[in-house]
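Quick look at final14.csv (CSV, C-alpha atoms and all ligand atoms):
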chain,number,residue,atom,x,y,z
E,1,LEU,CA,93.0,60.4,103.0
E,2,PRO,CA,92.0,61.9,106.3
E,3,THR,CA,91.9,65.6,106.8
E,4,ARG,CA,94.2,66.6,109.6
E,5,SER,CA,91.6,68.3,111.7
E,6,ILE,CA,88.4,70.3,112.0
E,7,ARG,CA,88.2,74.0,111.3
E,8,VAL,CA,87.4,76.1,114.3
E,9,LEU,CA,85.5,79.2,113.5
E,10,PRO,CA,87.0,82.4,115.1
E,11,SER,CA,83.7,83.2,116.8
E,12,GLU,CA,83.9,80.0,118.8
E,13,ILE,CA,87.2,80.9,120.4
E,14,VAL,CA,86.8,82.6,123.8
E,15,LEU,CA,89.7,82.3,126.3
E,16,PRO,CA,88.3,80.5,129.4
E,17,GLU,CA,87.9,82.7,132.5
E,18,SER,CA,90.5,80.6,134.4
E,19,TYR,CA,93.2,81.5,131.9
E,20,ARG,CA,92.1,85.1,131.7
E,21,ARG,CA,92.6,85.5,135.5
E,22,MET,CA,96.2,84.1,135.4
E,23,ASP,CA,99.1,86.4,135.7
E,24,GLU,CA,101.8,86.5,133.0
E,25,ARG,CA,104.5,85.2,135.3
E,26,GLU,CA,102.5,82.1,136.2
E,27,CYS,CA,101.6,81.4,132.5
E,28,LYS,CA,105.3,81.7,131.6
E,29,ASP,CA,106.4,79.3,134.3
E,30,LEU,CA,103.7,76.7,133.3
E,31,ILE,CA,104.7,77.0,129.6
E,32,ILE,CA,108.4,76.4,130.6
E,33,GLU,CA,107.2,73.3,132.5
E,34,HIS,CA,105.3,72.1,129.5
E,35,LYS,CA,108.4,72.5,127.3
E,36,LYS,CA,110.5,70.4,129.7
E,37,ARG,CA,107.9,67.7,130.0
E,38,GLU,CA,107.1,67.4,126.3
E,39,GLY,CA,110.7,67.5,125.1
E,40,GLY,CA,110.8,67.2,121.3
E,41,ARG,CA,107.2,66.0,121.0
E,42,VAL,CA,106.0,69.6,120.8
E,43,VAL,CA,107.7,72.4,118.9
E,44,ILE,CA,106.7,76.0,119.3
E,45,LEU,CA,107.1,78.2,116.3
E,46,GLY,CA,107.2,82.0,116.7
E,47,HIS,CA,106.9,84.5,113.8
E,48,HIS,CA,109.1,87.5,114.0
E,49,TYR,CA,106.1,89.8,114.6
E,50,GLN,CA,104.9,88.0,117.7
E,51,ARG,CA,105.1,89.6,121.2
E,52,VAL,CA,108.6,89.4,122.5
E,53,GLU,CA,107.6,87.1,125.4
E,54,ILE,CA,106.2,84.6,122.8
E,55,VAL,CA,109.4,84.8,120.7
E,56,ARG,CA,111.6,84.2,123.7
E,57,LEU,CA,109.6,81.0,124.5
E,58,SER,CA,109.6,79.7,120.9
E,59,ASP,CA,111.8,76.8,119.8
E,60,ILE,CA,112.1,78.2,116.3
E,61,VAL,CA,111.8,81.9,115.2
E,62,GLY,CA,111.5,83.0,111.6
E,63,ASP,CA,109.3,84.2,108.8
E,64,SER,CA,106.3,82.1,107.7
E,65,LEU,CA,107.9,79.9,105.1
E,66,GLU,CA,111.0,79.3,107.1
E,67,LEU,CA,108.9,78.2,110.1
E,68,SER,CA,106.7,75.9,108.1
E,69,ARG,CA,109.7,74.3,106.4
E,70,LYS,CA,111.6,73.8,109.6
E,71,ALA,CA,108.6,72.4,111.4
E,72,SER,CA,108.0,69.8,108.7
E,73,GLN,CA,111.7,68.8,109.0
E,74,SER,CA,111.4,68.3,112.7
E,75,ASP,CA,110.3,65.1,114.4
E,76,ALA,CA,107.7,66.9,116.6
E,77,GLU,CA,104.3,65.4,116.7
E,78,VAL,CA,102.6,68.7,117.6
E,79,VAL,CA,103.5,72.0,115.9
E,80,VAL,CA,102.3,75.1,117.8
E,81,PHE,CA,102.3,77.9,115.3
E,82,CYS,CA,102.4,81.4,116.9
E,83,GLY,CA,101.5,83.6,114.0
E,84,VAL,CA,98.4,84.4,112.0
E,85,ALA,CA,95.9,81.9,110.4
E,86,PHE,CA,97.3,81.7,106.9
E,87,MET,CA,100.8,80.9,108.4
E,88,ALA,CA,99.4,78.1,110.5
E,89,GLU,CA,97.5,76.8,107.4
E,90,ALA,CA,100.8,76.8,105.4
E,91,ALA,CA,102.4,74.8,108.1
E,92,GLY,CA,99.4,72.4,108.0
E,93,VAL,CA,99.9,72.0,104.2
E,94,LEU,CA,103.7,71.2,104.6
E,95,ALA,CA,103.3,69.1,107.7
E,96,LYS,CA,104.0,65.3,107.7
E,97,GLN,CA,101.0,63.0,108.0
E,98,ASN,CA,101.9,62.3,111.6
E,99,GLN,CA,102.1,65.9,112.6
E,100,THR,CA,99.3,68.0,114.0
E,101,VAL,CA,99.5,71.8,113.6
E,102,VAL,CA,97.7,73.9,116.3
E,103,HIS,CA,97.1,77.6,116.3
E,104,PRO,CA,96.9,79.2,119.8
E,105,ASN,CA,94.3,81.8,118.7
E,106,PRO,CA,92.3,81.1,115.5
E,107,ASN,CA,90.9,84.7,115.9
E,108,ALA,CA,94.2,85.9,114.7
E,109,GLY,CA,93.5,86.2,111.0
E,110,CYS,CA,95.2,88.5,108.4
E,111,PRO,CA,93.1,91.2,106.6
E,112,LEU,CA,95.5,91.1,103.7
E,113,ALA,CA,95.1,87.3,103.2
E,114,ASP,CA,91.3,87.6,103.8
E,115,SER,CA,91.0,90.3,101.1
E,116,ALA,CA,91.3,87.6,98.4
E,117,GLU,CA,88.4,85.1,98.4
E,118,VAL,CA,88.6,82.3,96.0
E,119,ASP,CA,85.4,83.2,94.0
E,120,ASP,CA,86.6,86.8,93.5
E,121,VAL,CA,90.0,85.7,92.5
E,122,GLU,CA,88.5,83.3,90.0
E,123,THR,CA,86.3,86.1,88.5
E,124,ALA,CA,89.5,88.3,88.0
E,125,TYR,CA,91.4,85.3,86.5
E,126,GLU,CA,88.5,84.6,84.0
E,127,ALA,CA,88.3,88.3,83.0
E,128,PHE,CA,92.1,88.5,82.5
E,129,SER,CA,92.1,85.2,80.6
E,130,SER,CA,89.4,86.3,78.2
E,131,ALA,CA,91.0,89.6,77.5
E,132,SER,CA,93.8,87.9,75.4
E,133,ASP,CA,95.0,84.6,74.0
E,134,GLU,CA,98.1,84.6,76.1
E,135,SER,CA,98.4,82.2,79.1
E,136,ILE,CA,97.8,83.7,82.6
E,137,ILE,CA,100.1,82.7,85.3
E,138,PRO,CA,98.6,83.1,88.8
E,139,LEU,CA,101.2,84.2,91.3
E,140,VAL,CA,100.1,84.3,94.9
E,141,TYR,CA,101.9,85.8,97.9
E,142,MET,CA,102.6,83.5,100.8
E,143,ASN,CA,100.2,85.8,102.7
E,144,SER,CA,97.1,84.1,101.3
E,145,SER,CA,94.8,81.3,102.4
E,146,SER,CA,95.6,77.7,101.4
E,147,GLU,CA,92.5,77.8,99.0
E,148,ILE,CA,94.2,80.6,97.1
E,149,LYS,CA,97.5,78.8,97.0
E,150,ALA,CA,95.7,75.7,95.7
E,151,PHE,CA,93.9,77.9,93.1
E,152,ALA,CA,97.3,78.9,91.8
E,153,GLY,CA,98.8,75.5,92.1
E,154,ASN,CA,96.0,73.9,90.0
E,155,ARG,CA,96.5,76.5,87.2
E,156,SER,CA,100.3,76.2,86.7
E,157,GLY,CA,101.0,79.1,89.1
E,158,ALA,CA,103.2,79.5,92.1
E,159,VAL,CA,103.5,81.0,95.5
E,160,CYS,CA,106.1,83.6,96.3
E,161,THR,CA,107.4,85.4,99.4
E,162,SER,CA,108.7,88.9,99.8
E,163,SER,CA,112.2,87.7,99.3
E,164,ASN,CA,111.7,86.0,95.9
E,165,ALA,CA,108.7,87.9,94.5
E,166,ALA,CA,110.8,89.6,91.7
E,167,ALA,CA,112.2,86.3,90.6
E,168,ALA,CA,108.7,84.8,90.6
E,169,PHE,CA,107.4,87.6,88.4
E,170,ARG,CA,110.3,87.1,86.0
E,171,TRP,CA,109.5,83.4,85.8
E,172,GLY,CA,105.8,84.0,85.3
E,173,LEU,CA,106.3,86.7,82.7
E,174,GLU,CA,108.5,84.4,80.6
E,175,LYS,CA,105.4,82.1,80.3
E,176,GLY,CA,102.7,84.7,79.8
E,177,ARG,CA,100.9,87.4,81.7
E,178,VAL,CA,100.9,87.4,85.5
E,179,MET,CA,98.1,87.9,87.9
E,180,PHE,CA,99.4,88.7,91.4
E,181,VAL,CA,97.3,88.3,94.5
E,182,PRO,CA,96.8,89.8,97.1
E,183,ASP,CA,99.4,92.6,97.9
E,184,GLU,CA,99.3,95.5,95.4
E,185,HIS,CA,102.4,97.2,96.8
E,186,LEU,CA,104.6,94.1,96.8
E,187,GLY,CA,103.5,93.6,93.2
E,188,ARG,CA,104.4,97.2,92.2
E,189,ASN,CA,107.7,97.0,94.0
E,190,SER,CA,108.6,93.7,92.3
E,191,ILE,CA,107.8,94.8,88.8
E,192,ALA,CA,109.8,98.1,89.4
E,193,GLN,CA,112.7,95.9,90.4
E,194,LEU,CA,112.5,94.2,87.0
E,195,GLY,CA,112.4,97.5,85.2
E,196,ILE,CA,108.8,97.0,84.1
E,197,PRO,CA,106.9,100.4,84.0
E,198,ASP,CA,103.9,100.8,86.3
E,199,GLU,CA,101.7,101.4,83.2
E,200,LYS,CA,102.0,97.8,82.3
E,201,ALA,CA,100.1,96.8,85.4
E,202,ALA,CA,96.3,97.1,85.9
E,203,LEU,CA,94.7,97.1,89.3
E,204,TRP,CA,91.7,94.8,90.0
E,205,ASP,CA,89.4,96.0,92.8
E,206,PRO,CA,87.3,93.0,93.8
E,207,LYS,CA,84.7,95.4,95.3
E,208,ILE,CA,83.9,97.0,91.9
E,209,ASP,CA,82.2,95.4,88.9
E,210,ASN,CA,84.7,94.1,86.4
E,211,GLY,CA,87.4,95.0,88.9
E,212,GLY,CA,86.9,98.7,88.0
E,213,ILE,CA,89.1,98.2,84.9
E,214,ASP,CA,88.4,99.4,81.4
E,215,PRO,CA,88.5,96.3,79.0
E,216,LYS,CA,91.0,98.0,76.8
E,217,ARG,CA,93.4,98.5,79.8
E,218,LEU,CA,92.9,94.9,80.8
E,219,ARG,CA,93.8,93.7,77.3
E,220,LYS,CA,97.0,95.7,77.3
E,221,ALA,CA,98.1,94.8,80.8
E,222,ARG,CA,101.1,92.4,81.3
E,223,VAL,CA,100.4,92.2,85.0
E,224,LEU,CA,97.1,92.2,86.9
E,225,LEU,CA,97.5,93.3,90.5
E,226,TRP,CA,94.9,92.8,93.3
E,227,LYS,CA,93.7,95.7,95.4
E,228,GLY,CA,94.8,94.5,98.8
E,229,ASP,CA,97.4,95.7,101.2
E,230,CYS,CA,98.9,95.1,104.6
E,231,HIS,CA,97.8,98.0,106.7
E,232,VAL,CA,100.8,97.6,109.0
E,233,HIS,CA,103.2,98.4,106.2
E,234,SER,CA,101.0,100.6,103.8
E,235,ARG,CA,100.7,103.2,106.6
E,236,PHE,CA,104.4,104.2,106.4
E,237,THR,CA,104.9,107.4,104.4
E,238,VAL,CA,107.7,109.3,102.6
E,239,GLU,CA,107.3,112.1,105.1
E,240,GLN,CA,108.2,109.7,107.9
E,241,VAL,CA,111.4,108.6,105.9
E,242,LEU,CA,112.4,112.3,105.4
E,243,GLN,CA,111.7,113.1,109.1
E,244,ALA,CA,113.7,110.1,110.2
E,245,ARG,CA,116.7,111.2,108.1
E,246,GLU,CA,116.4,114.8,109.4
E,247,GLN,CA,116.4,113.6,113.0
E,248,ASN,CA,119.1,111.0,112.6
E,249,PRO,CA,121.7,112.2,110.1
E,250,GLY,CA,123.7,109.4,108.6
E,251,ALA,CA,121.1,106.8,109.6
E,252,ARG,CA,120.3,103.9,107.2
E,253,VAL,CA,116.6,103.5,106.5
E,254,VAL,CA,115.3,100.1,105.5
E,255,VAL,CA,111.7,99.0,104.9
E,256,HIS,CA,109.6,96.0,104.0
E,257,PRO,CA,108.4,95.7,100.3
E,258,GLU,CA,104.7,95.6,101.4
E,259,CYS,CA,105.3,99.4,101.9
E,260,ARG,CA,104.1,101.7,99.1
E,261,ARG,CA,106.4,102.1,96.2
E,262,GLU,CA,107.3,105.7,96.9
E,263,VAL,CA,108.3,104.7,100.5
E,264,VAL,CA,110.5,101.9,99.1
E,265,GLU,CA,112.1,104.3,96.7
E,266,SER,CA,112.8,106.8,99.4
E,267,ALA,CA,114.5,104.2,101.6
E,268,ASP,CA,118.1,103.0,101.4
E,269,GLY,CA,117.0,99.4,101.1
E,270,ALA,CA,113.9,97.2,101.1
E,271,GLY,CA,113.5,93.5,101.7
E,272,SER,CA,111.7,90.7,103.4
E,273,THR,CA,111.5,90.3,107.2
E,274,SER,CA,114.6,88.1,107.1
E,275,TYR,CA,116.5,90.8,105.2
E,276,LEU,CA,115.5,93.4,107.9
E,277,VAL,CA,116.7,91.1,110.6
E,278,VAL,CA,120.0,90.6,108.8
E,279,GLU,CA,120.4,94.4,108.3
E,280,ALA,CA,119.9,95.0,112.1
E,281,ASN,CA,122.3,92.1,113.0
E,282,ARG,CA,125.1,93.3,110.8
E,283,ALA,CA,124.8,97.0,111.6
E,284,GLU,CA,128.1,98.6,112.9
E,285,PRO,CA,128.2,99.3,116.6
E,286,GLY,CA,127.3,102.9,117.2
E,287,SER,CA,125.4,103.3,113.9
E,288,THR,CA,121.7,104.2,113.5
E,289,ILE,CA,119.2,102.1,111.6
E,290,VAL,CA,115.6,103.1,111.0
E,291,ILE,CA,113.3,100.2,110.2
E,292,GLY,CA,109.9,100.3,108.6
E,293,THR,CA,108.1,97.2,109.7
E,294,GLU,CA,106.0,95.7,112.5
E,295,ILE,CA,106.8,97.3,115.9
E,296,ASN,CA,107.3,94.1,117.9
E,297,LEU,CA,110.1,93.0,115.5
E,298,VAL,CA,111.8,96.4,115.6
E,299,SER,CA,111.6,96.5,119.5
E,300,ARG,CA,113.1,93.1,119.8
E,301,LEU,CA,115.9,93.8,117.4
E,302,ALA,CA,116.6,97.0,119.4
E,303,GLU,CA,116.7,94.9,122.6
E,304,ASP,CA,119.0,92.3,121.0
E,305,ARG,CA,121.5,95.0,119.7
E,306,PRO,CA,121.9,97.6,122.5
E,307,ASP,CA,125.1,98.7,120.8
E,308,VAL,CA,123.2,99.9,117.7
E,309,ASN,CA,120.6,102.7,117.7
E,310,ILE,CA,117.6,100.8,116.1
E,311,ILE,CA,114.6,103.0,115.6
E,312,PRO,CA,111.1,102.3,114.2
E,313,LEU,CA,110.1,104.4,111.2
E,314,ALA,CA,106.8,104.7,113.1
E,315,ARG,CA,105.0,102.5,115.6
E,316,SER,CA,103.0,100.1,113.5
E,317,LEU,CA,101.5,97.1,115.3
E,318,CYS,CA,99.8,94.1,113.8
E,319,PRO,CA,96.8,93.7,116.0
E,320,ASN,CA,96.3,90.1,114.7
E,321,MET,CA,99.8,88.9,115.6
E,322,TYR,CA,99.2,90.5,119.0
E,323,LYS,CA,96.2,88.3,119.6
E,324,ILE,CA,98.5,85.5,120.6
E,325,SER,CA,99.4,86.0,124.2
E,326,LEU,CA,101.1,83.7,126.9
E,327,ARG,CA,97.6,82.9,128.1
E,328,TYR,CA,96.4,81.6,124.7
E,329,LEU,CA,99.7,79.7,124.3
E,330,LEU,CA,99.3,78.0,127.6
E,331,TRP,CA,95.6,77.1,126.9
E,332,THR,CA,96.7,75.5,123.6
E,333,LEU,CA,99.6,73.6,125.2
E,334,ASP,CA,97.2,72.3,127.9
E,335,GLY,CA,95.2,70.8,125.1
E,336,SER,CA,98.2,68.6,124.1
E,337,GLY,CA,97.6,68.9,120.4
E,338,SER,CA,93.8,68.6,120.5
E,339,ARG,CA,92.9,72.3,120.8
E,340,HIS,CA,92.7,74.7,117.9
E,341,VAL,CA,93.9,72.1,115.4
E,342,VAL,CA,94.5,73.6,111.9
E,343,ASP,CA,92.3,72.1,109.2
E,344,VAL,CA,93.5,71.7,105.7
E,345,SER,CA,91.7,69.2,103.5
E,346,GLU,CA,94.0,66.9,101.5
E,347,LYS,CA,92.4,68.3,98.3
E,348,ILE,CA,93.4,71.9,99.1
E,349,ALA,CA,96.7,70.8,100.5
E,350,THR,CA,97.6,69.0,97.3
E,351,GLY,CA,96.9,72.0,95.1
E,352,ALA,CA,98.7,74.4,97.5
E,353,ARG,CA,101.8,72.1,97.6
E,354,LYS,CA,102.0,72.3,93.8
E,355,ALA,CA,102.2,76.1,94.0
E,356,LEU,CA,104.7,75.9,96.9
E,357,SER,CA,107.0,73.4,95.2
E,358,ARG,CA,107.0,75.5,92.0
E,359,MET,CA,108.2,78.4,94.2
E,360,LEU,CA,111.1,76.2,95.3
E,361,GLU,CA,111.9,75.4,91.7
E,362,ILE,CA,112.0,79.1,90.8
E,363,ALA,CA,114.4,79.7,93.8
Z,1,LIG,S1,101.7,92.2,109.4
Z,1,LIG,FE1,100.2,92.6,107.7
Z,1,LIG,S2,100.4,90.8,106.3
Z,1,LIG,FE2,101.3,90.3,108.3
Z,1,LIG,S3,99.7,89.3,109.5
Z,1,LIG,FE3,99.7,91.5,110.0
Z,1,LIG,S4,98.2,92.4,108.6
Z,1,LIG,FE4,98.7,90.4,107.8

Just give me the structure of the file as structure tokens.
Amino acid sequence: LPTRSIRVLPSEIVLPESYRRMDERECKDLIIEHKKREGGRVVILGHHYQRVEIVRLSDIVGDSLELSRKASQSDAEVVVFCGVAFMAEAAGVLAKQNQTVVHPNPNAGCPLADSAEVDDVETAYEAFSSASDESIIPLVYMNSSSEIKAFAGNRSGAVCTSSNAAAAFRWGLEKGRVMFVPDEHLGRNSIAQLGIPDEKAALWDPKIDNGGIDPKRLRKARVLLWKGDCHVHSRFTVEQVLQAREQNPGARVVVHPECRREVVESADGAGSTSYLVVEANRAEPGSTIVIGTEINLVSRLAEDRPDVNIIPLARSLCPNMYKISLRYLLWTLDGSGSRHVVDVSEKIATGARKALSRMLEIA
């Protein structure tokens, strides 16, 4: 089977001078012209954390899984994924054979996804497996490369998202012990939701020999977590929650589960990006809601609901999401599906699809 494309290394991507010189208004007008001309042949997907001007020009807006699913259900030949690299790869994995997925700026990676390299994950998996006779179920967060998803898929594991992580842990723990990669905080928050004490989890640091874990501790652990985090969410603090409450009496505070456990515990609610969007949309007019997630999303929610006082817990921007601008989007659209094509080999895609379809079974 053919691979869908060629991988373009980030260092090769430099926005041409002619696009760099364009003003935003001109870019926007040209993108709108493209959309009219292409009709349904091209679909633009915009992740919730994209710049507001990108979201406003997107045909579908959502979280990573939602976008990949909707794109694969559409008849578009070209899927333009405005998000970070692992998201565009997931869309490539789920795409139909006649669909091409393109990523406007392949320099937009994700440090959380990049923290888990397949060789290091394999070392941790082997160590955890040899520590006991029980089966090890690899659970991988959606925010991981397609190689890591394939690693899980080929070892009876599954993918999970921030909205179904606790259910996925329950599923895995019924079968054996669970190794969760790569977000430590989502792992801790999920096991807490299941009432599993934190002591039952061990933390594997890929930068330290043997993960920095004492063999006795590894033997006793029910869950092995990976030392990785999303810096956009792990920087929120309990002090910020307390300060937000003090400054906004009666406000509801909601955060993403990639936040540290103590931050999640100090909030009124925690959930996926979609959950945060629903919370903002259903807030009572005149009420105040403080949201702990990426600033572009919080600003857009505030713009969409001027009747609600929507405040960020702190300004936390994802610099990688921000790397996609109108200029990059236009440059990609001008390539008509041949520029920045996402490469997922059929072998990797097959393994990753197994892990993704197990997630759907769990749901
Ligand atoms: S918000 Fe966090 S997890 Fe999402 S792309 Fe940015 S760094 Fe990665």

#### Entry: Surrounding residues of E:Ala76 excluding itself and chain neighbours under 2 positions, 9 Å, all atoms listed in the file, as a VMD selection string
chain E and resid 40 to 43 71 to 74 78 to 79 98 to 100

Could you take the residues named above and write them with C-alpha atoms, as an mmCIF file, in the coordinates of the input?
data_model
loop_
_atom_site.group_PDB
_atom_site.id
_atom_site.type_symbol
_atom_site.label_atom_id
_atom_site.label_comp_id
_atom_site.auth_asym_id
_atom_site.auth_seq_id
_atom_site.Cartn_x
_atom_site.Cartn_y
_atom_site.Cartn_z
ATOM 1 C CA GLY E 40 110.800 67.200 121.300
ATOM 2 C CA ARG E 41 107.200 66.000 121.000
ATOM 3 C CA VAL E 42 106.000 69.600 120.800
ATOM 4 C CA VAL E 43 107.700 72.400 118.900
ATOM 5 C CA ALA E 71 108.600 72.400 111.400
ATOM 6 C CA SER E 72 108.000 69.800 108.700
ATOM 7 C CA GLN E 73 111.700 68.800 109.000
ATOM 8 C CA SER E 74 111.400 68.300 112.700
ATOM 9 C CA VAL E 78 102.600 68.700 117.600
ATOM 10 C CA VAL E 79 103.500 72.000 115.900
ATOM 11 C CA ASN E 98 101.900 62.300 111.600
ATOM 12 C CA GLN E 99 102.100 65.900 112.600
ATOM 13 C CA THR E 100 99.300 68.000 114.000
#

### Pick from E:Lys323, E:Lys28, E:Arg217, E:Arg177, whichever lies nearest to ligand LIG 1 (chain Z) using all atoms listed in the file
E:Lys323

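For the atom pair formed by atom CA of E:Val61 and atom CA of E:Ala90, the distance is 15.6 Å, given to one decimal.
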
Counting all atoms listed in the file, select every polymer residue within 12 Å of (103.6, 84.0, 79.4) as defined in the file's coordinates, and provide the selection as a PDB file with C-alpha atoms, in the frame of the given file.
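Below is the file that was written, part-v2.pdb:
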ATOM      1  CA  SER E 129      92.100  85.200  80.600  1.00  0.00           C
ATOM      2  CA  SER E 132      93.800  87.900  75.400  1.00  0.00           C
ATOM      3  CA  ASP E 133      95.000  84.600  74.000  1.00  0.00           C
ATOM      4  CA  GLU E 134      98.100  84.600  76.100  1.00  0.00           C
ATOM      5  CA  SER E 135      98.400  82.200  79.100  1.00  0.00           C
ATOM      6  CA  ILE E 136      97.800  83.700  82.600  1.00  0.00           C
ATOM      7  CA  ILE E 137     100.100  82.700  85.300  1.00  0.00           C
ATOM      8  CA  PRO E 138      98.600  83.100  88.800  1.00  0.00           C
ATOM      9  CA  SER E 156     100.300  76.200  86.700  1.00  0.00           C
ATOM     10  CA  GLY E 157     101.000  79.100  89.100  1.00  0.00           C
ATOM     11  CA  PHE E 169     107.400  87.600  88.400  1.00  0.00           C
ATOM     12  CA  ARG E 170     110.300  87.100  86.000  1.00  0.00           C
ATOM     13  CA  TRP E 171     109.500  83.400  85.800  1.00  0.00           C
ATOM     14  CA  GLY E 172     105.800  84.000  85.300  1.00  0.00           C
ATOM     15  CA  LEU E 173     106.300  86.700  82.700  1.00  0.00           C
ATOM     16  CA  GLU E 174     108.500  84.400  80.600  1.00  0.00           C
ATOM     17  CA  LYS E 175     105.400  82.100  80.300  1.00  0.00           C
ATOM     18  CA  GLY E 176     102.700  84.700  79.800  1.00  0.00           C
ATOM     19  CA  ARG E 177     100.900  87.400  81.700  1.00  0.00           C
ATOM     20  CA  VAL E 178     100.900  87.400  85.500  1.00  0.00           C
ATOM     21  CA  MET E 179      98.100  87.900  87.900  1.00  0.00           C
ATOM     22  CA  ARG E 222     101.100  92.400  81.300  1.00  0.00           C
ATOM     23  CA  VAL E 223     100.400  92.200  85.000  1.00  0.00           C
TER      24      VAL E 223
END

Write out as CSV a residue-level contact list of chain E versus ligand LIG 1 (chain Z) with cut-off 8 Å: for each qualifying residue the closest pair of atoms and the distance in Å to one decimal, counting all atoms listed in the file, rows sorted by chain and residue number upward.
residue,atom,partner,partner_atom,distance
E:Tyr49,CA,Z:LIG1,S1,7.2
E:Gly83,CA,Z:LIG1,S3,7.5
E:Val84,CA,Z:LIG1,S3,5.7
E:Gly109,CA,Z:LIG1,S3,7.1
E:Cys110,CA,Z:LIG1,FE4,4.0
E:Pro111,CA,Z:LIG1,S4,5.6
E:Leu112,CA,Z:LIG1,FE4,5.2
E:Ala113,CA,Z:LIG1,FE4,6.6
E:Asn143,CA,Z:LIG1,S2,6.2
E:Asp229,CA,Z:LIG1,S2,7.7
E:Cys230,CA,Z:LIG1,FE1,4.2
E:His231,CA,Z:LIG1,S4,5.9
E:Val232,CA,Z:LIG1,FE1,5.2
E:His233,CA,Z:LIG1,FE1,6.7
E:Glu294,CA,Z:LIG1,S1,6.4
E:Leu317,CA,Z:LIG1,S1,7.7
E:Cys318,CA,Z:LIG1,FE3,4.6
E:Pro319,CA,Z:LIG1,FE3,7.0
E:Asn320,CA,Z:LIG1,FE3,6.0
E:Met321,CA,Z:LIG1,S3,6.1

For the selection just defined, write its residues with C-alpha atoms to a file, as a PDB file, in the coordinates of the input.
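Resulting contents of result.pdb:
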ATOM      1  CA  TYR E  49     106.100  89.800 114.600  1.00  0.00           C
ATOM      2  CA  GLY E  83     101.500  83.600 114.000  1.00  0.00           C
ATOM      3  CA  VAL E  84      98.400  84.400 112.000  1.00  0.00           C
ATOM      4  CA  GLY E 109      93.500  86.200 111.000  1.00  0.00           C
ATOM      5  CA  CYS E 110      95.200  88.500 108.400  1.00  0.00           C
ATOM      6  CA  PRO E 111      93.100  91.200 106.600  1.00  0.00           C
ATOM      7  CA  LEU E 112      95.500  91.100 103.700  1.00  0.00           C
ATOM      8  CA  ALA E 113      95.100  87.300 103.200  1.00  0.00           C
ATOM      9  CA  ASN E 143     100.200  85.800 102.700  1.00  0.00           C
ATOM     10  CA  ASP E 229      97.400  95.700 101.200  1.00  0.00           C
ATOM     11  CA  CYS E 230      98.900  95.100 104.600  1.00  0.00           C
ATOM     12  CA  HIS E 231      97.800  98.000 106.700  1.00  0.00           C
ATOM     13  CA  VAL E 232     100.800  97.600 109.000  1.00  0.00           C
ATOM     14  CA  HIS E 233     103.200  98.400 106.200  1.00  0.00           C
ATOM     15  CA  GLU E 294     106.000  95.700 112.500  1.00  0.00           C
ATOM     16  CA  LEU E 317     101.500  97.100 115.300  1.00  0.00           C
ATOM     17  CA  CYS E 318      99.800  94.100 113.800  1.00  0.00           C
ATOM     18  CA  PRO E 319      96.800  93.700 116.000  1.00  0.00           C
ATOM     19  CA  ASN E 320      96.300  90.100 114.700  1.00  0.00           C
ATOM     20  CA  MET E 321      99.800  88.900 115.600  1.00  0.00           C
TER      21      MET E 321
END

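Take atom CA of E:Gly153 and atom CA of E:Asp209: the distance between them is 26.1 Å.
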
### Task
Could you tell me which of E:Cys259, E:Ala165, E:Val121, E:Ile44 comes closest to E:Gly62 if we count all atoms listed in the file?
E:Ile44

### Message
Restricting the calculation to all atoms listed in the file: of E:Leu224, E:Met87, E:Ala280, E:Leu329, which residue gets closest to E:Cys27?
### Response
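Of the candidates, the smallest distance to E:Cys27 is held by E:Leu329.
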
### Message
I need the residue nearest E:Arg235 from this list: E:Ala314, E:Val290, E:Ala267, E:Val278. Use all atoms listed in the file for the distance.
### Response
E:Ala314

### Task
For atom CA of E:Ile291 and atom CA of E:Glu239, determine how far apart the two atoms are, in Å to one decimal place.
14.3 Å

### Task
Determine, counting all atoms listed in the file, which protein, DNA and RNA residues have an atom within 7 Å of an atom of E:Ile289; residues of the same chain fewer than 6 positions away are not included. Present the result as a list of chain:residue names.
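That gives E:Ala251, E:Arg252, E:Val253, E:Asn309, E:Ile310, E:Ile311.
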
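Here the question is which of E:Tyr141, E:Phe236, E:Tyr125, E:Phe151 gets nearest to E:Glu184 using all atoms listed in the file, and that residue is E:Tyr141.
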
### Query
What lies within 10 Å of stretch 264-266 of chain E using all atoms listed in the file, ignoring chain neighbours under 5 positions off, as number ranges by chain?
E: 185, 189, 192, 236-239, 241-242, 253-259, 271, 292

#### Entry: E:Ser357 surroundings by all atoms listed in the file, 12 Å radius, close-in-sequence under 6 positions cut, as a PyMOL selection string
chain E and resi 65+69+93-94+149-150+152-153+156-160+349-351+363
